[in-house]
>>> print(open('entry37.txt').read())   # compact mmCIF, C-alpha atoms
# COMPACT_ATOMS: atom_id res chain seq x y z
CA MET A 1 63.80 173.74 142.93
CA PHE A 2 64.24 170.81 145.31
CA ASP A 3 62.25 168.64 142.93
CA TRP A 4 64.87 169.31 140.35
CA PHE A 5 67.70 168.17 142.65
CA ALA A 6 65.61 165.21 143.73
CA GLN A 7 65.23 164.20 140.11
CA ILE A 8 69.00 164.32 139.57
CA GLY A 9 69.59 162.34 142.74
CA LYS A 10 67.00 159.74 141.77
CA ASN A 11 68.50 159.29 138.35
CA ALA A 12 71.98 159.00 139.77
CA ILE A 13 70.96 156.41 142.36
CA GLU A 14 69.10 154.38 139.74
CA PHE A 15 72.07 154.56 137.40
CA TYR A 16 74.51 153.31 140.01
CA ALA A 17 72.08 150.64 141.19
CA ARG A 18 71.81 149.33 137.61
CA LEU A 19 75.57 149.51 137.18
CA GLY A 20 76.12 147.64 140.45
CA LYS A 21 73.63 144.94 139.50
CA GLU A 22 75.27 144.53 136.13
CA VAL A 23 78.74 144.21 137.65
CA LEU A 24 77.47 141.71 140.23
CA LEU A 25 75.83 139.64 137.51
CA PHE A 26 79.04 139.79 135.48
CA ILE A 27 81.08 138.52 138.42
CA GLN A 28 78.52 135.77 139.04
CA THR A 29 78.75 134.73 135.40
CA LEU A 30 82.55 134.71 135.52
CA LEU A 31 82.47 132.56 138.67
CA ALA A 32 80.12 130.18 136.87
CA PHE A 33 82.90 129.46 134.35
CA VAL A 34 84.60 127.20 136.89
CA PRO A 35 81.94 124.45 137.11
CA LEU A 36 81.56 124.66 133.32
CA VAL A 37 84.84 122.77 133.00
CA LEU A 38 82.89 119.64 133.95
CA ARG A 39 80.37 120.20 131.17
CA PRO A 40 82.32 121.04 128.00
CA GLY A 41 79.34 119.91 125.90
CA LEU A 42 77.46 123.08 126.80
CA ILE A 43 80.33 125.27 125.64
CA VAL A 44 80.83 123.29 122.42
CA GLN A 45 77.18 123.75 121.56
CA GLN A 46 77.40 127.50 122.13
CA ILE A 47 80.66 127.85 120.21
CA TYR A 48 78.82 126.20 117.35
CA SER A 49 75.96 128.69 117.35
CA VAL A 50 78.09 131.75 118.19
CA GLY A 51 81.37 131.03 116.40
CA VAL A 52 80.98 128.42 113.69
CA ARG A 53 77.87 129.99 112.24
CA SER A 54 79.55 133.43 112.15
CA MET A 55 82.51 132.02 110.26
CA LEU A 56 81.08 132.46 106.76
CA ILE A 57 80.18 136.14 107.10
CA ILE A 58 83.53 136.87 108.79
CA ILE A 59 85.59 135.14 106.11
CA VAL A 60 83.68 136.65 103.18
CA SER A 61 83.82 140.17 104.66
CA GLY A 62 87.48 139.78 105.54
CA PHE A 63 88.23 138.80 101.98
CA PHE A 64 86.45 141.82 100.53
CA VAL A 65 87.91 144.25 103.07
CA GLY A 66 91.38 142.94 102.22
CA MET A 67 90.76 143.34 98.50
CA VAL A 68 89.51 146.91 98.95
CA LEU A 69 92.57 147.72 101.08
CA GLY A 70 94.74 146.31 98.32
CA LEU A 71 93.09 148.46 95.66
CA GLN A 72 92.99 151.68 97.67
CA GLY A 73 96.45 151.22 99.12
CA TYR A 74 97.93 150.53 95.71
CA ASN A 75 96.37 153.61 94.14
CA THR A 76 97.70 155.85 96.91
CA LEU A 77 101.14 154.25 97.20
CA VAL A 78 101.84 154.10 93.47
CA ASP A 79 101.94 157.93 93.39
CA PHE A 80 104.98 157.80 95.67
CA GLY A 81 106.50 154.82 93.89
CA ALA A 82 106.10 152.91 97.13
CA GLU A 83 103.73 150.16 95.97
CA GLU A 84 106.15 147.59 97.43
CA SER A 85 104.85 148.67 100.84
CA LEU A 86 101.35 147.48 99.97
CA GLY A 87 101.78 144.36 102.09
CA VAL A 88 102.68 146.48 105.12
CA VAL A 89 99.66 148.74 104.65
CA VAL A 90 97.25 145.84 104.25
CA ALA A 91 98.69 143.75 107.08
CA LEU A 92 99.03 146.56 109.62
CA SER A 93 95.58 148.03 109.06
CA LEU A 94 93.99 144.59 109.24
CA VAL A 95 95.92 143.18 112.18
CA ARG A 96 95.83 146.31 114.33
CA GLU A 97 92.45 147.84 113.59
CA LEU A 98 90.09 146.46 110.99
CA GLY A 99 90.40 142.82 111.99
CA PRO A 100 89.30 143.19 115.61
CA VAL A 101 86.89 146.09 115.07
CA VAL A 102 85.00 144.94 111.97
CA THR A 103 84.87 141.40 113.34
CA ALA A 104 83.39 142.70 116.59
CA LEU A 105 80.78 144.78 114.71
CA LEU A 106 79.80 141.84 112.51
CA PHE A 107 79.87 139.56 115.54
CA ALA A 108 77.49 141.87 117.42
CA GLY A 109 75.14 141.93 114.45
CA ARG A 110 75.32 138.24 113.66
CA ALA A 111 75.77 136.48 117.01
CA GLY A 112 75.01 139.16 119.60
CA SER A 113 71.53 139.94 118.32
CA ALA A 114 70.73 136.22 118.13
CA LEU A 115 71.90 135.73 121.73
CA THR A 116 69.76 138.60 123.00
CA ALA A 117 66.68 137.40 121.12
CA GLU A 118 67.21 133.84 122.31
CA ILE A 119 67.63 134.72 125.98
CA GLY A 120 64.89 137.38 125.79
CA LEU A 121 62.43 134.87 124.37
CA MET A 122 63.43 132.34 127.03
CA LYS A 123 62.51 135.00 129.55
CA ALA A 124 59.29 135.97 127.76
CA THR A 125 58.14 132.36 127.57
CA GLU A 126 59.15 131.88 131.22
CA GLN A 127 61.73 129.22 130.48
CA LEU A 128 64.17 131.04 132.76
CA SER A 129 61.68 130.96 135.64
CA GLY A 130 61.08 127.31 134.82
CA LEU A 131 64.79 126.61 135.22
CA GLU A 132 64.80 128.38 138.56
CA MET A 133 61.80 126.29 139.64
CA MET A 134 63.89 123.20 138.93
CA ALA A 135 66.69 124.66 141.09
CA VAL A 136 68.89 125.27 138.04
CA ASN A 137 70.55 128.65 138.14
CA PRO A 138 70.00 130.33 134.76
CA VAL A 139 73.26 132.23 135.22
CA ASP A 140 75.19 128.94 135.31
CA ARG A 141 73.16 127.17 132.66
CA ILE A 142 72.32 129.95 130.17
CA LEU A 143 74.56 133.00 130.59
CA ALA A 144 77.96 131.51 131.44
CA PRO A 145 78.30 129.05 128.50
CA ARG A 146 77.24 131.75 126.03
CA LEU A 147 79.64 134.35 127.41
CA LEU A 148 82.52 131.88 127.46
CA ALA A 149 81.75 130.74 123.91
CA GLY A 150 81.77 134.37 122.73
CA ILE A 151 85.08 135.07 124.48
CA ILE A 152 86.66 131.99 122.89
CA SER A 153 85.22 132.64 119.43
CA MET A 154 85.99 136.33 118.96
CA PRO A 155 89.83 136.19 118.85
CA LEU A 156 89.66 133.18 116.52
CA LEU A 157 87.20 134.95 114.22
CA ALA A 158 89.32 138.12 114.21
CA ALA A 159 92.43 136.11 113.34
CA MET A 160 90.56 134.48 110.45
CA PHE A 161 89.36 137.88 109.27
CA SER A 162 92.90 139.31 109.24
CA ALA A 163 94.46 136.25 107.61
CA VAL A 164 91.84 136.06 104.87
CA GLY A 165 92.04 139.84 104.38
CA ILE A 166 95.81 139.72 103.90
CA PHE A 167 95.27 136.98 101.34
CA GLY A 168 92.63 139.13 99.60
CA GLY A 169 95.04 142.05 99.50
CA TYR A 170 97.65 139.69 98.05
CA LEU A 171 95.30 138.55 95.28
CA VAL A 172 94.45 142.10 94.25
CA GLY A 173 97.90 143.60 94.76
CA VAL A 174 100.12 140.87 93.37
CA ASP A 175 97.96 138.98 90.89
CA LEU A 176 95.86 141.86 89.59
CA LEU A 177 97.97 145.00 89.92
CA GLY A 178 101.42 143.48 89.59
CA VAL A 179 103.11 144.34 92.87
CA ASP A 180 106.19 142.16 93.32
CA GLU A 181 105.27 139.07 95.29
CA GLY A 182 108.53 138.91 97.21
CA SER A 183 108.37 142.49 98.41
CA TYR A 184 104.71 142.14 99.39
CA TRP A 185 105.58 139.42 101.89
CA SER A 186 109.11 140.45 102.90
CA GLN A 187 108.22 144.09 103.63
CA MET A 188 105.23 142.85 105.59
CA GLN A 189 107.38 140.51 107.66
CA ALA A 190 109.98 143.21 108.23
CA LYS A 191 107.51 145.81 109.47
CA VAL A 192 104.85 143.81 111.31
CA ASP A 193 106.05 143.01 114.78
CA PHE A 194 104.70 140.05 116.71
CA ASP A 195 104.70 141.63 120.18
CA GLN A 196 103.59 145.07 119.09
CA ASP A 197 101.05 144.35 116.37
CA ILE A 198 99.78 140.78 116.42
CA VAL A 199 99.53 140.46 120.20
CA ASN A 200 97.84 143.87 120.47
CA GLY A 201 95.30 142.80 117.85
CA VAL A 202 94.58 139.61 119.75
CA ILE A 203 94.19 141.54 123.03
CA LYS A 204 91.77 143.89 121.32
CA SER A 205 89.67 141.11 119.84
CA PHE A 206 89.60 139.37 123.23
CA VAL A 207 88.35 142.54 124.97
CA PHE A 208 85.78 143.14 122.23
CA GLY A 209 84.65 139.53 122.57
CA VAL A 210 84.05 139.96 126.30
CA VAL A 211 82.26 143.28 125.82
CA ALA A 212 80.10 142.41 122.81
CA THR A 213 79.00 139.03 124.17
CA TRP A 214 78.35 140.42 127.63
CA ILE A 215 76.18 143.24 126.28
CA ALA A 216 74.18 140.72 124.23
CA VAL A 217 73.72 138.32 127.12
CA TYR A 218 72.91 141.05 129.64
CA GLU A 219 70.38 142.81 127.41
CA GLY A 220 68.61 139.50 126.82
CA TYR A 221 68.61 138.58 130.49
CA THR A 222 67.26 141.94 131.66
CA CYS A 223 64.85 142.71 128.82
CA ILE A 224 61.17 143.40 129.36
CA PRO A 225 59.61 139.98 128.74
CA THR A 226 57.23 140.99 125.97
CA SER A 227 57.66 140.76 122.22
CA GLU A 228 58.24 144.51 122.08
CA GLY A 229 60.75 144.33 124.93
CA VAL A 230 62.73 141.58 123.19
CA SER A 231 62.81 143.53 119.93
CA ARG A 232 64.02 146.64 121.75
CA ALA A 233 66.67 144.68 123.63
CA THR A 234 67.94 143.21 120.37
CA THR A 235 68.25 146.67 118.84
CA ARG A 236 70.01 147.95 121.96
CA THR A 237 72.50 145.06 121.79
CA VAL A 238 73.62 145.98 118.29
CA VAL A 239 73.72 149.74 118.98
CA TYR A 240 75.51 149.50 122.35
CA SER A 241 77.98 146.90 121.12
CA ALA A 242 78.91 149.03 118.12
CA LEU A 243 79.34 152.16 120.23
CA VAL A 244 81.27 150.47 123.03
CA VAL A 245 83.52 148.58 120.61
CA LEU A 246 84.43 151.71 118.66
CA GLY A 247 84.97 153.75 121.84
CA LEU A 248 87.06 151.03 123.47
CA ASP A 249 89.06 150.68 120.27
CA PHE A 250 90.21 154.27 120.56
CA LEU A 251 91.04 153.79 124.23
CA LEU A 252 92.94 150.55 123.68
CA THR A 253 94.85 151.96 120.73
CA ALA A 254 95.84 155.00 122.78
CA LEU A 255 96.97 152.75 125.65
CA MET A 256 98.95 150.30 123.54
CA LEU A 257 100.64 152.59 121.03
CA MET B 1 70.90 112.58 118.19
CA SER B 2 74.36 111.13 118.66
CA SER B 3 75.29 111.60 114.98
CA ASN B 4 73.93 115.14 115.23
CA SER B 5 76.14 116.04 118.20
CA ARG B 6 79.04 114.39 116.35
CA VAL B 7 78.58 116.78 113.43
CA LEU B 8 78.41 119.66 115.91
CA GLU B 9 81.60 118.60 117.65
CA ILE B 10 83.42 118.14 114.35
CA SER B 11 82.36 121.56 113.07
CA VAL B 12 83.44 123.23 116.32
CA GLY B 13 86.73 121.35 116.08
CA ILE B 14 87.25 122.63 112.54
CA PHE B 15 86.34 126.17 113.67
CA VAL B 16 88.88 126.16 116.48
CA ALA B 17 91.55 124.56 114.28
CA VAL B 18 91.03 127.11 111.49
CA GLY B 19 91.11 129.96 114.00
CA ILE B 20 94.36 128.78 115.54
CA ALA B 21 95.79 128.18 112.06
CA ALA B 22 94.92 131.77 111.15
CA LEU B 23 96.69 132.99 114.30
CA LEU B 24 99.74 130.91 113.39
CA VAL B 25 99.74 132.30 109.85
CA LEU B 26 99.63 135.81 111.29
CA ALA B 27 102.45 135.03 113.70
CA VAL B 28 104.79 133.16 111.35
CA ASN B 29 103.98 134.42 107.88
CA VAL B 30 103.00 138.02 108.50
CA SER B 31 105.13 139.12 111.43
CA ASN B 32 108.78 138.61 112.20
CA VAL B 33 108.32 136.35 115.21
CA GLY B 34 111.36 134.26 116.00
CA GLY B 35 113.52 136.50 113.84
CA PHE B 36 115.84 138.03 116.38
CA SER B 37 113.55 138.34 119.35
CA SER B 38 114.18 134.80 120.56
CA GLY B 39 117.39 133.05 121.43
CA GLN B 40 120.54 134.29 123.11
CA GLN B 41 121.55 137.90 122.64
CA TYR B 42 124.08 140.31 124.01
CA THR B 43 123.74 144.04 124.46
CA VAL B 44 126.22 146.68 123.32
CA THR B 45 125.97 150.45 123.31
CA ALA B 46 127.30 153.17 121.05
CA ASN B 47 127.25 156.98 121.35
CA PHE B 48 126.26 159.10 118.39
CA ASP B 49 126.24 162.88 117.84
CA ASN B 50 122.99 162.60 115.95
CA ILE B 51 120.66 159.69 115.33
CA SER B 52 117.95 161.60 113.42
CA GLY B 53 115.20 159.14 112.72
CA LEU B 54 116.64 155.97 114.26
CA LYS B 55 114.00 154.27 116.39
CA ALA B 56 113.82 151.46 118.90
CA ARG B 57 113.26 148.20 116.97
CA SER B 58 115.35 149.44 114.04
CA GLN B 59 117.64 146.89 112.45
CA VAL B 60 121.29 146.34 113.28
CA ALA B 61 123.10 144.95 110.26
CA ILE B 62 126.51 143.62 109.30
CA ALA B 63 127.10 143.70 105.53
CA GLY B 64 123.40 144.42 105.11
CA VAL B 65 122.28 141.30 106.95
CA THR B 66 120.17 141.84 110.06
CA VAL B 67 122.01 140.59 113.14
CA GLY B 68 120.10 142.42 115.86
CA ARG B 69 117.79 145.25 116.87
CA VAL B 70 118.01 148.63 118.55
CA VAL B 71 116.31 148.30 121.94
CA ASN B 72 116.66 151.70 123.55
CA ILE B 73 117.78 155.21 122.71
CA THR B 74 118.55 157.79 125.40
CA VAL B 75 120.56 160.99 125.74
CA ASP B 76 123.69 161.11 127.87
CA PRO B 77 122.98 163.86 130.42
CA VAL B 78 126.62 165.03 130.48
CA THR B 79 127.89 164.87 126.92
CA PHE B 80 124.48 165.25 125.26
CA GLU B 81 125.25 162.43 122.92
CA ALA B 82 122.65 159.89 121.91
CA VAL B 83 123.24 156.54 123.59
CA VAL B 84 121.96 153.74 121.39
CA GLU B 85 121.54 150.39 123.07
CA MET B 86 121.26 147.40 120.78
CA THR B 87 121.06 143.65 121.10
CA ILE B 88 122.99 141.39 118.77
CA ASP B 89 122.25 137.73 118.28
CA SER B 90 124.84 135.62 120.13
CA GLN B 91 125.34 133.62 116.98
CA PHE B 92 127.40 136.64 115.85
CA ASP B 93 129.68 136.79 118.89
CA GLU B 94 132.94 137.32 117.04
CA VAL B 95 132.53 140.97 116.10
CA PRO B 96 135.89 142.72 116.74
CA VAL B 97 135.92 145.45 119.42
CA ASP B 98 137.34 148.03 117.02
CA SER B 99 134.37 147.69 114.67
CA SER B 100 132.78 150.97 113.69
CA VAL B 101 129.07 151.64 113.59
CA GLY B 102 127.16 154.11 111.45
CA ILE B 103 123.56 155.08 110.94
CA TYR B 104 122.47 154.55 107.37
CA THR B 105 119.27 154.77 105.41
CA ALA B 106 117.89 151.80 103.50
CA GLY B 107 117.23 153.37 100.12
CA LEU B 108 116.58 157.07 99.60
CA LEU B 109 113.37 157.19 101.63
CA GLY B 110 113.77 154.00 103.62
CA GLU B 111 114.12 153.25 107.29
CA LYS B 112 117.22 154.16 109.26
CA TYR B 113 119.34 151.27 110.43
CA VAL B 114 122.59 150.75 112.28
CA GLY B 115 125.34 149.26 110.16
CA ILE B 116 128.39 147.62 111.75
CA GLU B 117 131.68 147.66 109.81
CA PRO B 118 133.83 144.91 111.35
CA GLY B 119 137.35 145.92 112.39
CA GLY B 120 140.42 143.74 112.81
CA ALA B 121 141.11 143.52 116.54
CA PRO B 122 141.60 140.08 118.10
CA ASP B 123 139.14 140.84 120.94
CA PHE B 124 135.40 140.53 120.41
CA LEU B 125 132.40 142.58 121.52
CA GLU B 126 130.60 141.13 124.50
CA GLU B 127 127.72 141.94 126.83
CA GLY B 128 127.96 145.61 127.89
CA SER B 129 130.69 146.62 125.45
CA VAL B 130 130.74 150.19 124.18
CA ILE B 131 131.56 150.75 120.53
CA ARG B 132 133.91 153.76 120.25
CA LEU B 133 134.05 154.37 116.54
CA THR B 134 130.74 155.85 115.48
CA GLN B 135 129.58 157.75 112.48
CA SER B 136 126.47 159.84 112.91
CA SER B 137 123.46 159.86 110.71
CA ILE B 138 123.63 162.22 107.77
CA VAL B 139 121.07 164.96 108.25
CA LEU B 140 119.77 165.81 104.81
CA GLU B 141 118.72 169.36 105.76
CA LYS B 142 122.23 170.23 106.94
CA LEU B 143 123.70 168.81 103.78
CA ILE B 144 121.36 170.83 101.60
CA SER B 145 121.96 174.05 103.51
CA GLN B 146 125.74 173.52 103.31
CA PHE B 147 125.40 173.01 99.59
CA LEU B 148 123.26 176.14 99.18
CA PHE B 149 125.64 178.29 101.23
CA SER B 150 128.64 177.09 99.28
CA GLN B 151 126.79 177.92 96.07
CA SER B 152 125.97 181.45 97.19
CA ASP B 153 129.61 181.97 98.28
CA GLU B 154 130.78 181.04 94.81
CA ASP B 155 128.41 183.56 93.25
CA LYS B 156 130.11 186.50 94.98
>>> encode(input="entry37.txt", output="structure tokens")
Amino acid sequence: MFDWFAQIGKNAIEFYARLGKEVLLFIQTLLAFVPLVLRPGLIVQQIYSVGVRSMLIIIVSGFFVGMVLGLQGYNTLVDFGAEESLGVVVALSLVRELGPVVTALLFAGRAGSALTAEIGLMKATEQLSGLEMMAVNPVDRILAPRLLAGIISMPLLAAMFSAVGIFGGYLVGVDLLGVDEGSYWSQMQAKVDFDQDIVNGVIKSFVFGVVATWIAVYEGYTCIPTSEGVSRATTRTVVYSALVVLGLDFLLTALML
Amino acid sequence: MSSNSRVLEISVGIFVAVGIAALLVLAVNVSNVGGFSSGQQYTVTANFDNISGLKARSQVAIAGVTVGRVVNITVDPVTFEAVVEMTIDSQFDEVPVDSSVGIYTAGLLGEKYVGIEPGGAPDFLEEGSVIRLTQSSIVLEKLISQFLFSQSDEDK
């Protein structure tokens, strides 16, 4: 009977200890942003591997998502004779939801997994310990530039996704299905609000950028330093990022509506 | 090595520029930023019996041209009338005080908006003015039920 309670207590203590360590590490990493100002080269390099190399998949997926929205939206709206509102449907669903969320999911799969594997392998091959031996703090040198690069890249990638998607919806809706070009844009401009919709989308993508990159970096930094441990950590990165992003999306939408 | 890091810097530069350009496109081309949210405005209020369907952020129009937005809708606790607060761009500061306002629908199924019919008084609306002449929104259900009742009366 007492064993049972002891087990619960042990689990709870371990859980909070892990949580506390993670929060402490997060704060340490955030504090390490300050000295990074003196070494912008590190950030540029990470933005290249995290952001620039994710650009292609983001733009191509954004284009296709926009085109699908155009097709589906048109087929539904045309029943009500409201196909002029196609621009609104495409723009609002992309800017508010699909842009930030799908970008974050793709980002976790494309950049997050690579970050975890990279840092995990650094740990497995004892490069992190090597850095510490040379009195270089791996939090400053490895974690902070990667986290900052992810935070900078995500909102930009999400904006690209939405913009390209709206263009894809335009191609399908206006050029292919014959929605009036003027009403596509003018209805969109009349209904999409800068403060309510665009800014909320940017806030979302910023939060997702922090969360997805942090999960990737943390899983890599704390993985078991074996090949199996790295592979597990990489899987966990993608799964956790996807779950947390989708859960947070609901929460943020509920807060901002 | 130096040419390599040059390529890297250029590609990052392009990435950031494209990202910011996409944000700008979203802000300028997709949303209505700078429409009537910026610049000088003045606030006027009007009381309506019924606003059915008017929302904050709805348009305020003179002759069909948007001149402002509804910012707030509340209920007067004493008269139980809807108090609609709207901002009008200061560029349109010569709207006569005896102008009347009505709530109209853009198209049969469109959004509700506030339309201002300018009057002829020499004084103009200013910050805090209350517009007296108001015409409430037409509630379609009431209209239909009136029509049905009048029909059934005729049958007798």
>>> atom_distance(input="entry37.txt", atom1="CA of Leu252 (chain A)", atom2="CA of Ser205 (chain A)")
10.7 Å
>>> closest_residue(input="entry37.txt", among="A:Val238, A:Val89, A:Leu25, A:Val211", to="chain B", atoms="all atoms listed in the file")
A:Val89
>>> interface_residues(input="entry37.txt", of="chain B", to="chain A", cutoff="8 Å", atoms="only C-alpha atoms", output="MDAnalysis selection string")
chainID B and resid 8:9 11:12 15:16 18:20 22:23 25:27 29:33
>>> atom_distance(input="entry37.txt", atom1="CA of Ile119 (chain A)", atom2="CA of Val244 (chain A)")
21.0 Å
>>> closest_residue(input="entry37.txt", among="B:Gln41, B:Gln146, B:Gln151, B:Thr74", to="Gln91 (chain B)", atoms="only C-alpha atoms")
B:Gln41
>>> residues_near_point(input="entry37.txt", point="(128.2, 152.1, 126.7)", cutoff="9 Å", atoms="all atoms listed in the file", output="list in words")
Val44, Thr45, Ala46, Asn47, Val83, Val84, Glu85, Gly128, Ser129, Val130, Ile131 and Arg132 of chain B
>>> residues_around(input="entry37.txt", residues="Tyr74 (chain A)", least_positions_apart="2", cutoff="10 Å", atoms="only C-alpha atoms", output="number ranges by chain")
A: 68-72, 76-79, 81-87, 89-90, 169, 172-173, 177-179
>>> closest_residue(input="entry37.txt", among="B:Ser99, B:Thr43, B:Ser58, B:Gln135", to="Gly119 (chain B)", atoms="only C-alpha atoms")
B:Ser99
>>> residues_near_point(input="entry37.txt", point="(119.4, 145.7, 118.1)", cutoff="7 Å", atoms="only C-alpha atoms", output="list in words")
Arg57, Ser58, Gln59, Val60, Gly68, Arg69, Val70, Val71, Met86, Thr87 and Ile88 of chain B
>>> closest_residue(input="entry37.txt", among="B:Lys112, B:Arg6, B:Glu94, B:Thr105", to="Ala56 (chain B)", atoms="only C-alpha atoms")
B:Lys112
>>> atom_distance(input="entry37.txt", atom1="CA of Gly20 (chain A)", atom2="CA of Glu219 (chain A)")
15.0 Å
